[in-house]
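K.L.:
Input structure-v7.txt, format and content: compact mmCIF, C-alpha atoms.
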# COMPACT_ATOMS: atom_id res chain seq x y z
CA MET I 253 167.27 79.29 97.21
CA GLN I 254 164.93 76.63 98.55
CA GLN I 255 161.15 76.65 98.28
CA ALA I 256 159.45 75.46 101.47
CA ASN I 257 156.72 72.95 100.69
CA GLY I 258 153.55 73.63 102.66
CA GLN I 259 152.78 69.89 102.75
CA ASN I 260 155.71 69.48 105.15
CA TYR I 261 154.20 71.94 107.62
CA PHE I 262 150.42 71.65 107.37
CA CYS I 263 148.76 68.35 108.28
CA ASP I 264 146.35 68.24 105.34
CA THR I 265 144.69 70.46 102.78
CA ASN I 266 141.93 71.46 105.24
CA TYR I 267 144.33 72.53 107.98
CA HIS I 268 145.56 76.06 107.26
CA ILE I 269 147.27 77.06 110.52
CA THR I 270 150.29 75.56 112.24
CA LEU I 271 153.04 76.78 114.53
CA LYS I 272 156.09 75.73 116.46
CA LYS I 273 158.33 77.03 119.21
CA VAL I 274 161.95 76.94 118.06
CA VAL I 275 164.28 76.23 121.00
CA ASP I 276 166.77 73.44 120.28
CA ARG I 277 167.32 73.27 116.56
CA ASP I 278 168.59 70.33 114.56
CA PRO I 279 170.59 71.68 111.58
CA ASN I 280 170.26 68.28 109.89
CA GLU I 281 166.46 68.37 110.00
CA GLU I 282 165.34 68.58 106.36
CA ARG I 283 162.41 70.90 107.14
CA ASP I 284 164.50 73.29 109.24
CA LEU I 285 165.25 76.17 106.88
CA THR I 286 165.92 78.73 109.62
CA GLU I 287 169.48 79.44 108.44
CA LYS I 288 168.93 78.59 104.78
CA LYS I 289 167.74 81.14 102.26
CA HIS I 290 164.20 80.15 101.30
CA SER I 291 160.69 81.30 100.47
CA HIS I 292 157.24 79.77 100.87
CA ASN I 293 153.68 80.28 99.63
CA PHE I 294 152.18 80.95 103.07
CA HIS I 295 152.48 83.76 105.62
CA GLU I 296 154.73 83.45 108.65
CA LEU I 297 154.65 85.46 111.87
CA VAL I 298 157.90 85.32 113.81
CA ILE I 299 157.75 86.35 117.48
CA ILE I 300 161.14 86.54 119.21
CA LEU I 301 160.96 85.28 122.80
CA SER I 302 164.61 85.61 123.86
CA GLY I 303 168.12 85.98 122.48
CA ASP I 304 169.06 88.03 119.43
CA GLY I 305 170.18 87.64 115.86
CA VAL I 306 170.20 89.07 112.35
CA HIS I 307 167.37 88.42 109.91
CA TRP I 308 167.69 88.79 106.14
CA VAL I 309 164.67 89.55 103.91
CA GLU I 310 164.95 90.28 100.19
CA GLY I 311 168.50 91.64 100.56
CA ILE I 312 167.80 93.74 103.68
CA GLU I 313 169.55 92.78 106.94
CA PHE I 314 168.27 93.94 110.33
CA PRO I 315 168.88 92.94 113.95
CA VAL I 316 166.16 91.22 115.98
CA THR I 317 165.86 90.73 119.72
CA ALA I 318 163.36 89.59 122.36
CA GLY I 319 159.94 91.16 121.77
CA ASP I 320 160.34 91.77 118.03
CA VAL I 321 157.48 90.64 115.78
CA LEU I 322 157.94 90.33 112.04
CA LEU I 323 155.64 89.22 109.26
CA ILE I 324 157.02 87.28 106.30
CA GLN I 325 154.59 87.31 103.41
CA GLY I 326 154.32 84.43 100.99
CA ASN I 327 157.12 84.22 98.40
CA GLN I 328 159.44 86.60 100.26
CA GLU I 329 163.01 85.29 100.31
CA HIS I 330 164.41 85.25 103.86
CA TYR I 331 166.51 83.48 106.51
CA PHE I 332 168.30 84.07 109.82
CA LYS I 333 171.86 85.12 109.10
CA GLU I 334 172.89 85.08 112.77
CA LEU I 335 171.42 83.30 115.79
CA ASN I 336 172.53 84.07 119.34
CA GLU I 337 170.62 81.79 121.73
CA LEU I 338 167.49 82.80 119.83
CA ILE I 339 164.17 81.31 120.94
CA PHE I 340 161.15 82.22 118.85
CA TYR I 341 157.69 81.17 117.70
CA ASN I 342 156.80 80.54 114.05
CA VAL I 343 153.09 80.93 113.24
CA MET I 344 152.40 79.77 109.69
CA PHE I 345 149.04 80.32 108.01
CA LYS I 346 147.48 80.38 104.56
CA VAL I 347 145.68 83.71 104.25
CA ASP I 348 143.76 82.88 101.08
CA GLU I 349 142.33 79.68 102.57
CA LEU I 350 141.38 80.90 106.04
CA LYS I 351 138.64 83.39 105.17
CA LEU I 352 139.65 85.74 107.98
CA PRO I 353 137.15 88.51 108.94
CA ILE I 354 139.12 91.04 106.91
CA ASP I 355 136.39 93.69 106.90
CA GLU I 356 136.38 93.76 110.70
CA LEU I 357 140.18 93.57 111.02
CA LYS I 358 140.62 96.49 108.63
CA LYS I 359 138.80 98.71 111.12
CA ILE I 360 141.87 98.47 113.39
CA PRO I 361 144.43 101.07 112.20
CA GLY I 362 147.32 98.93 113.44
CA TYR I 363 146.16 96.02 111.26
CA HIS I 364 146.68 98.10 108.12
CA ALA I 365 150.10 99.26 109.26
CA MET I 366 151.38 95.83 110.25
CA PHE I 367 149.64 93.36 107.95
CA ILE I 368 148.79 95.37 104.83
CA LEU I 369 150.70 98.62 104.37
CA SER I 370 154.13 97.82 105.75
CA PRO I 371 154.76 94.77 103.55
CA LYS I 372 154.04 96.93 100.50
CA SER I 373 156.29 99.75 101.67
CA ASN I 374 160.02 99.94 101.33
CA LEU I 375 161.44 96.95 103.23
CA LYS I 376 164.04 99.04 105.04
CA GLN I 377 161.35 101.42 106.30
CA LYS I 378 159.17 98.44 107.22
CA TYR I 379 161.72 96.92 109.55
CA GLU I 380 162.70 100.27 111.00
CA ASN I 381 159.05 100.38 112.16
CA MET I 382 158.87 96.73 113.21
CA LEU I 383 156.55 95.94 116.11
CA HIS I 384 158.42 95.50 119.39
CA LEU I 385 156.60 94.14 122.44
CA SER I 386 157.67 94.99 125.97
CA ARG I 387 157.76 92.19 128.54
CA LYS I 388 154.13 92.36 129.67
CA PRO I 389 152.55 92.30 126.16
CA LEU I 390 155.08 89.66 125.10
CA ALA I 391 154.01 87.47 128.04
CA TYR I 392 150.36 87.86 126.99
CA VAL I 393 151.19 86.91 123.40
CA GLN I 394 153.10 83.89 124.70
CA THR I 395 150.00 82.61 126.50
CA ILE I 396 148.04 82.76 123.22
CA LEU I 397 150.84 80.98 121.35
CA ASP I 398 151.28 78.27 123.98
CA GLY I 399 147.52 77.63 123.86
CA MET I 400 147.74 77.30 120.06
CA ILE I 401 150.63 74.85 120.36
CA VAL I 402 148.61 72.67 122.76
CA GLU I 403 145.70 72.61 120.29
CA ALA I 404 147.97 71.83 117.34
CA GLN I 405 149.73 69.00 119.17
CA HIS I 406 146.74 67.31 120.84
CA LYS I 407 144.32 67.78 117.93
CA SER I 408 141.30 67.35 120.15
CA GLN I 409 137.86 67.68 118.59
CA GLY I 410 137.37 71.23 117.38
CA PHE I 411 141.08 72.08 117.40
CA GLU I 412 140.80 73.68 113.94
CA ALA I 413 138.16 76.14 115.18
CA SER I 414 140.19 76.85 118.31
CA LEU I 415 143.33 77.58 116.27
CA TYR I 416 141.34 79.82 113.93
CA PHE I 417 139.93 81.98 116.71
CA LYS I 418 143.23 82.10 118.60
CA LEU I 419 144.95 83.31 115.42
CA ILE I 420 142.35 86.08 115.09
CA GLU I 421 142.87 87.00 118.75
CA LEU I 422 146.63 87.15 118.10
CA ILE I 423 146.23 89.34 114.99
CA VAL I 424 143.86 91.72 116.80
CA TYR I 425 146.18 92.03 119.81
CA LEU I 426 149.28 92.64 117.68
CA SER I 427 147.39 95.19 115.57
CA ARG I 428 146.32 97.10 118.68
CA GLN I 429 149.86 97.04 120.02
CA TYR I 430 151.18 98.40 116.72
CA ALA I 431 148.63 101.22 116.77
CA HIS I 432 149.99 102.40 120.14
CA MET I 433 153.68 101.96 119.32
CA ASP I 434 156.00 104.95 119.03
CA THR I 435 157.37 104.47 115.53
CA GLY I 436 159.01 107.85 114.95
CA ALA I 437 158.01 110.44 112.37
CA ARG I 438 157.85 108.02 109.44
CA GLY I 439 155.85 105.47 111.39
CA GLN I 440 153.47 108.12 112.71
CA SER I 441 152.76 109.26 109.15
CA LEU I 442 152.06 105.67 108.19
CA GLN I 443 149.68 105.27 111.12
CA ARG I 444 147.83 108.44 110.12
CA VAL I 445 147.35 106.94 106.66
CA THR I 446 145.92 103.80 108.28
CA GLU I 447 143.44 105.98 110.17
CA VAL I 448 142.29 107.41 106.83
CA ILE I 449 141.92 103.91 105.40
CA GLY I 450 140.01 102.76 108.47
CA GLU I 451 137.60 105.66 108.06
CA MET I 452 137.10 104.83 104.38
CA GLU I 453 136.53 101.16 105.25
CA ARG I 454 133.79 102.14 107.72
CA ASN I 455 132.16 104.71 105.40
CA TYR I 456 132.98 103.52 101.89
CA GLN I 457 129.63 104.82 100.51
CA LYS I 458 130.48 108.41 101.43
CA GLN I 459 131.49 110.83 98.69
CA TRP I 460 134.90 111.56 100.17
CA LYS I 461 136.89 114.63 99.22
CA LEU I 462 140.67 114.71 99.46
CA ALA I 463 140.51 117.68 101.84
CA GLU I 464 138.37 115.64 104.28
CA LEU I 465 140.81 112.74 104.21
CA ALA I 466 143.78 115.07 104.70
CA LYS I 467 142.06 116.56 107.74
CA ILE I 468 141.67 113.09 109.28
CA ALA I 469 145.37 112.44 108.70
CA CYS I 470 146.39 115.91 109.98
CA MET I 471 148.42 116.33 106.79
CA SER I 472 148.43 118.54 103.77
CA GLU I 473 146.69 117.07 100.73
CA GLY I 474 150.05 116.76 98.96
CA ASN I 475 151.68 114.87 101.84
CA LEU I 476 148.70 112.54 102.16
CA MET I 477 148.78 111.74 98.44
CA ARG I 478 152.52 111.00 98.55
CA ILE I 479 152.57 108.86 101.71
CA PHE I 480 149.31 107.07 100.84
CA LYS I 481 150.69 106.06 97.44
CA GLU I 482 154.01 104.92 98.94
CA ALA I 483 152.12 102.73 101.41
CA THR I 484 149.39 101.26 99.18
CA GLU I 485 150.66 101.85 95.63
CA GLN I 486 147.35 103.65 95.00
CA SER I 487 145.93 107.14 95.41
CA PRO I 488 143.23 107.57 98.09
CA ILE I 489 140.53 107.76 95.39
CA ASP I 490 141.80 104.64 93.60
CA TYR I 491 141.88 102.81 96.93
CA LEU I 492 138.29 103.84 97.61
CA ILE I 493 137.15 102.68 94.16
CA HIS I 494 138.83 99.28 94.65
CA LEU I 495 137.25 99.02 98.09
CA ARG I 496 133.79 99.69 96.66
CA ILE I 497 134.33 97.17 93.85
CA GLN I 498 135.35 94.59 96.45
CA LYS I 499 132.08 95.23 98.32
CA ALA I 500 130.17 94.95 95.04
CA MET I 501 131.75 91.57 94.30
CA GLY I 502 130.44 90.27 97.61
CA LEU I 503 126.94 91.57 96.89
CA LEU I 504 126.96 90.08 93.40
CA ARG I 505 127.85 86.67 94.82
CA SER I 506 125.51 86.66 97.81
CA THR I 507 122.41 88.70 96.88
CA ASN I 508 119.89 89.16 94.07
CA MET I 509 120.18 92.96 94.13
CA GLN I 510 120.00 94.61 90.73
CA ILE I 511 123.36 95.83 89.40
CA THR I 512 122.15 99.44 89.36
CA GLU I 513 120.97 99.04 92.94
CA ILE I 514 124.38 97.67 93.96
CA ALA I 515 126.15 100.58 92.26
CA TYR I 516 124.17 103.15 94.28
CA HIS I 517 124.44 101.08 97.46
CA ILE I 518 128.25 101.09 97.43
CA GLY I 519 128.57 104.80 96.66
CA PHE I 520 128.55 105.19 92.88
CA ASN I 521 126.13 107.81 91.52
CA ASP I 522 126.27 106.37 88.01
CA SER I 523 125.84 102.64 87.25
CA ASN I 524 127.71 102.97 83.94
CA TYR I 525 130.67 104.52 85.76
CA PHE I 526 130.52 101.62 88.23
CA THR I 527 130.47 99.06 85.39
CA ARG I 528 133.49 100.66 83.69
CA HIS I 529 135.56 100.45 86.85
CA PHE I 530 134.36 96.92 87.60
CA LYS I 531 135.44 95.74 84.14
CA LYS I 532 138.77 97.57 84.46
CA ILE I 533 139.56 95.81 87.76
CA ASN I 534 138.05 92.36 87.05
CA ALA I 535 138.31 92.11 83.25
CA GLN I 536 134.61 91.22 83.13
CA SER I 537 131.31 93.00 83.63
CA PRO I 538 129.32 92.77 86.88
CA ARG I 539 126.76 90.59 85.08
CA GLN I 540 129.44 88.20 83.84
CA TYR I 541 130.98 88.06 87.31
CA ARG I 542 127.61 87.20 88.88
CA GLN I 543 126.92 84.44 86.35
CA LYS I 544 130.33 82.90 86.99
CA HIS I 545 130.16 83.03 90.81
CA LYS I 546 126.47 82.64 91.59
When written as structure tokens, how does the structure in this file appear?
P.N.:
Amino acid sequence: MQQANGQNYFCDTNYHITLKKVVDRDPNEERDLTEKKHSHNFHELVIILSGDGVHWVEGIEFPVTAGDVLLIQGNQEHYFKELNELIFYNVMFKVDELKLPIDELKKIPGYHAMFILSPKSNLKQKYENMLHLSRKPLAYVQTILDGMIVEAQHKSQGFEASLYFKLIELIVYLSRQYAHMDTGARGQSLQRVTEVIGEMERNYQKQWKLAELAKIACMSEGNLMRIFKEATEQSPIDYLIHLRIQKAMGLLRSTNMQITEIAYHIGFNDSNYFTRHFKKINAQSPRQYRQKHK
């Protein structure tokens, strides 16, 4: 297996988005790993424009055709096993470097399902529920992608900002499309879980009860617990605690609020309880974290 080197795709260390439209391929091109098993340390969105083929990810094979959109996370082994006049876009980006507005994106249920939950779920189930765009949405996505390609090629002043905002527009549009897609019973259950997560993201200070979350999902408490854990590898309560700790980390870095004040602000009724969970997740106390990141 080959490891794709990001230096071959991104112009420099400050340039965290790039893309290409794959039409006429050169099998002898060293950087062309389309049909070679490989992985890379950045994310890759593949949008199929025309043709069809078979894609292989971590041992799972599945057919792709015009309108399919798939996300390859960093360090996932993959390649195209078959290509039949396939034309597609590759959008490559470094999530950790981009500082995307994650808090706002997480409010879109489809964002959870496509960019967060699905990659953590069983791969076979993920690609059974892969986003498929009909012709009109695909044409709209193509206009965004073609605009990004122009920016990336010409590199006019401000092209980095333009690429950044066009990528966000693309992610938002794809997330909305996923939220309205008919994904069958399994996919619908997944989308209901994303609605629960979206509600927790918006109201993370609330003292949620499992019965309230199950009502939002239109599921029994047992079903919600099972599907939520399959999708996120956490229980709803554990997810909420991690979410609150994440908010606390931001406040510790950016404000002078007292630690007790932060604990109550993010929804903990006991600052000692907050500190225990913070240390469990971060292997350091809130005070130590603040001193290190201030």
K.L.:
Using all atoms listed in the file, pick whichever of I:Glu447, I:Glu421, I:Glu412, I:Asp304 has the shortest atom-to-atom distance to I:Lys358.
P.N.:
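Residue with the minimum atom-to-atom distance to I:Lys358: I:Glu447.
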K.L.:
Could you check how far atom CA of I:Val424 sits from atom CA of I:Met477, in Å to one decimal?
P.N.:
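Spanning atom CA of I:Val424 to atom CA of I:Met477 is a straight-line distance of 27.6 Å.
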K.L.:
Using only C-alpha atoms, which protein or nucleic acid residues come within 10 Å of I:Ile396? Drop anything in the same chain fewer than 6 positions from it, and give the result as a ChimeraX atom specification.
P.N.:
/I:415,418-419,421-422
K.L.:
Nearest to I:Tyr267: which of I:Gln543, I:Ser506, I:Gln443, I:Ser414 is it, counting only C-alpha atoms?
P.N.:
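Of I:Gln543, I:Ser506, I:Gln443, I:Ser414, the one nearest I:Tyr267 is I:Ser414, counting only C-alpha atoms.
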K.L.:
I:Ser523: which residues within 9 Å, counting all atoms listed in the file, same-chain residues fewer than 3 positions away excluded, as a list in words?
P.N.:
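Residues near the query, excluding close chain neighbours: Ile511, Thr512, Glu513, Ile514, Ala515, Tyr516, Phe520, Phe526, Thr527 and Arg528 of chain I.
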K.L.:
For the selection you just gave me, I'd like the residues written to a file as a PDB file, in the coordinates of the input, keeping C-alpha atoms.
P.N.:
ATOM      1  CA  ILE I 511     123.360  95.830  89.400  1.00  0.00           C
ATOM      2  CA  THR I 512     122.150  99.440  89.360  1.00  0.00           C
ATOM      3  CA  GLU I 513     120.970  99.040  92.940  1.00  0.00           C
ATOM      4  CA  ILE I 514     124.380  97.670  93.960  1.00  0.00           C
ATOM      5  CA  ALA I 515     126.150 100.580  92.260  1.00  0.00           C
ATOM      6  CA  TYR I 516     124.170 103.150  94.280  1.00  0.00           C
ATOM      7  CA  PHE I 520     128.550 105.190  92.880  1.00  0.00           C
ATOM      8  CA  PHE I 526     130.520 101.620  88.230  1.00  0.00           C
ATOM      9  CA  THR I 527     130.470  99.060  85.390  1.00  0.00           C
ATOM     10  CA  ARG I 528     133.490 100.660  83.690  1.00  0.00           C
TER      11      ARG I 528
END
K.L.:
Grab the atom CA of I:Leu504 to atom CA of I:Arg542 distance for me, in Å with one decimal place.
P.N.:
5.4 Å
K.L.:
If I take atom CA of I:Leu301 and atom CA of I:Lys351, how far is one from the other in Å, to one decimal?
P.N.:
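Interatomic distance, atom CA of I:Leu301 to atom CA of I:Lys351: 28.5 Å.
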K.L.:
For a cutoff of 9 Å around the file-coordinate point (139.2, 82.2, 110.0), which residues qualify once you count only C-alpha atoms? I'd like the result as a PDB file with C-alpha atoms, keeping the file's coordinate frame.
P.N.:
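Below is the file that was written, point_23.pdb:
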ATOM      1  CA  VAL I 347     145.680  83.710 104.250  1.00  0.00           C
ATOM      2  CA  GLU I 349     142.330  79.680 102.570  1.00  0.00           C
ATOM      3  CA  LEU I 350     141.380  80.900 106.040  1.00  0.00           C
ATOM      4  CA  LYS I 351     138.640  83.390 105.170  1.00  0.00           C
ATOM      5  CA  LEU I 352     139.650  85.740 107.980  1.00  0.00           C
ATOM      6  CA  PRO I 353     137.150  88.510 108.940  1.00  0.00           C
ATOM      7  CA  ALA I 413     138.160  76.140 115.180  1.00  0.00           C
ATOM      8  CA  LEU I 415     143.330  77.580 116.270  1.00  0.00           C
ATOM      9  CA  TYR I 416     141.340  79.820 113.930  1.00  0.00           C
ATOM     10  CA  PHE I 417     139.930  81.980 116.710  1.00  0.00           C
ATOM     11  CA  LEU I 419     144.950  83.310 115.420  1.00  0.00           C
ATOM     12  CA  ILE I 420     142.350  86.080 115.090  1.00  0.00           C
TER      13      ILE I 420
END
K.L.:
Let me make sure I understand: among I:Met344, I:Gln325, I:Ile368, I:Ile300, which one has the smallest atom-to-atom distance to I:Glu485 if we use all atoms listed in the file?
P.N.:
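Closest residue, counting all atoms listed in the file: I:Ile368.
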K.L.:
Between I:Leu426, I:Ala469, I:Ile360, I:Leu285, single out the one closest to I:Phe332, counting only C-alpha atoms.
P.N.:
I:Leu285
K.L.:
With distances taken over only C-alpha atoms, which residue among I:Leu338, I:Ala463, I:Ala535, I:Val275 lies nearest I:Asp320?
P.N.:
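Under the stated criterion, the closest residue is I:Leu338.
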K.L.:
Kindly indicate which residue among I:His364, I:Lys346, I:Lys289, I:His307 lies nearest to I:Glu451, using all atoms listed in the file for the distances.
P.N.:
I:His364
K.L.:
Might you pull out every residue within 9 Å of I:Ala466, with all atoms listed in the file counted and same-chain residues fewer than 5 positions away left off, and present them as a PyMOL selection string?
P.N.:
chain I and resi 448+461+471-477
K.L.:
Contacts of I:Met452 at 9 Å or less, counting all atoms listed in the file, minus same-chain residues fewer than 4 places along, as a ChimeraX atom specification?
P.N.:
/I:447-448,456-458,460,465,492,495
K.L.:
Taking (142.8, 106.0, 115.2) in the file's coordinates, which residues come within 12 Å, counting all atoms listed in the file, written as a PyMOL selection string?
P.N.:
chain I and resi 358-365+427-428+430-432+440+442-451+468-470
K.L.:
Next, write the just-selected residues to a file, as a PDB file, keeping the file's coordinate frame, keeping C-alpha atoms as the atom set.
P.N.:
ATOM      1  CA  LYS I 358     140.620  96.490 108.630  1.00  0.00           C
ATOM      2  CA  LYS I 359     138.800  98.710 111.120  1.00  0.00           C
ATOM      3  CA  ILE I 360     141.870  98.470 113.390  1.00  0.00           C
ATOM      4  CA  PRO I 361     144.430 101.070 112.200  1.00  0.00           C
ATOM      5  CA  GLY I 362     147.320  98.930 113.440  1.00  0.00           C
ATOM      6  CA  TYR I 363     146.160  96.020 111.260  1.00  0.00           C
ATOM      7  CA  HIS I 364     146.680  98.100 108.120  1.00  0.00           C
ATOM      8  CA  ALA I 365     150.100  99.260 109.260  1.00  0.00           C
ATOM      9  CA  SER I 427     147.390  95.190 115.570  1.00  0.00           C
ATOM     10  CA  ARG I 428     146.320  97.100 118.680  1.00  0.00           C
ATOM     11  CA  TYR I 430     151.180  98.400 116.720  1.00  0.00           C
ATOM     12  CA  ALA I 431     148.630 101.220 116.770  1.00  0.00           C
ATOM     13  CA  HIS I 432     149.990 102.400 120.140  1.00  0.00           C
ATOM     14  CA  GLN I 440     153.470 108.120 112.710  1.00  0.00           C
ATOM     15  CA  LEU I 442     152.060 105.670 108.190  1.00  0.00           C
ATOM     16  CA  GLN I 443     149.680 105.270 111.120  1.00  0.00           C
ATOM     17  CA  ARG I 444     147.830 108.440 110.120  1.00  0.00           C
ATOM     18  CA  VAL I 445     147.350 106.940 106.660  1.00  0.00           C
ATOM     19  CA  THR I 446     145.920 103.800 108.280  1.00  0.00           C
ATOM     20  CA  GLU I 447     143.440 105.980 110.170  1.00  0.00           C
ATOM     21  CA  VAL I 448     142.290 107.410 106.830  1.00  0.00           C
ATOM     22  CA  ILE I 449     141.920 103.910 105.400  1.00  0.00           C
ATOM     23  CA  GLY I 450     140.010 102.760 108.470  1.00  0.00           C
ATOM     24  CA  GLU I 451     137.600 105.660 108.060  1.00  0.00           C
ATOM     25  CA  ILE I 468     141.670 113.090 109.280  1.00  0.00           C
ATOM     26  CA  ALA I 469     145.370 112.440 108.700  1.00  0.00           C
ATOM     27  CA  CYS I 470     146.390 115.910 109.980  1.00  0.00           C
TER      28      CYS I 470
END
K.L.:
Just want the 9 Å neighbourhood of I:Phe411, counted on all atoms listed in the file, with same-chain residues fewer than 6 positions away dropped. Output as a PyMOL selection string.
P.N.:
chain I and resi 400+403-404
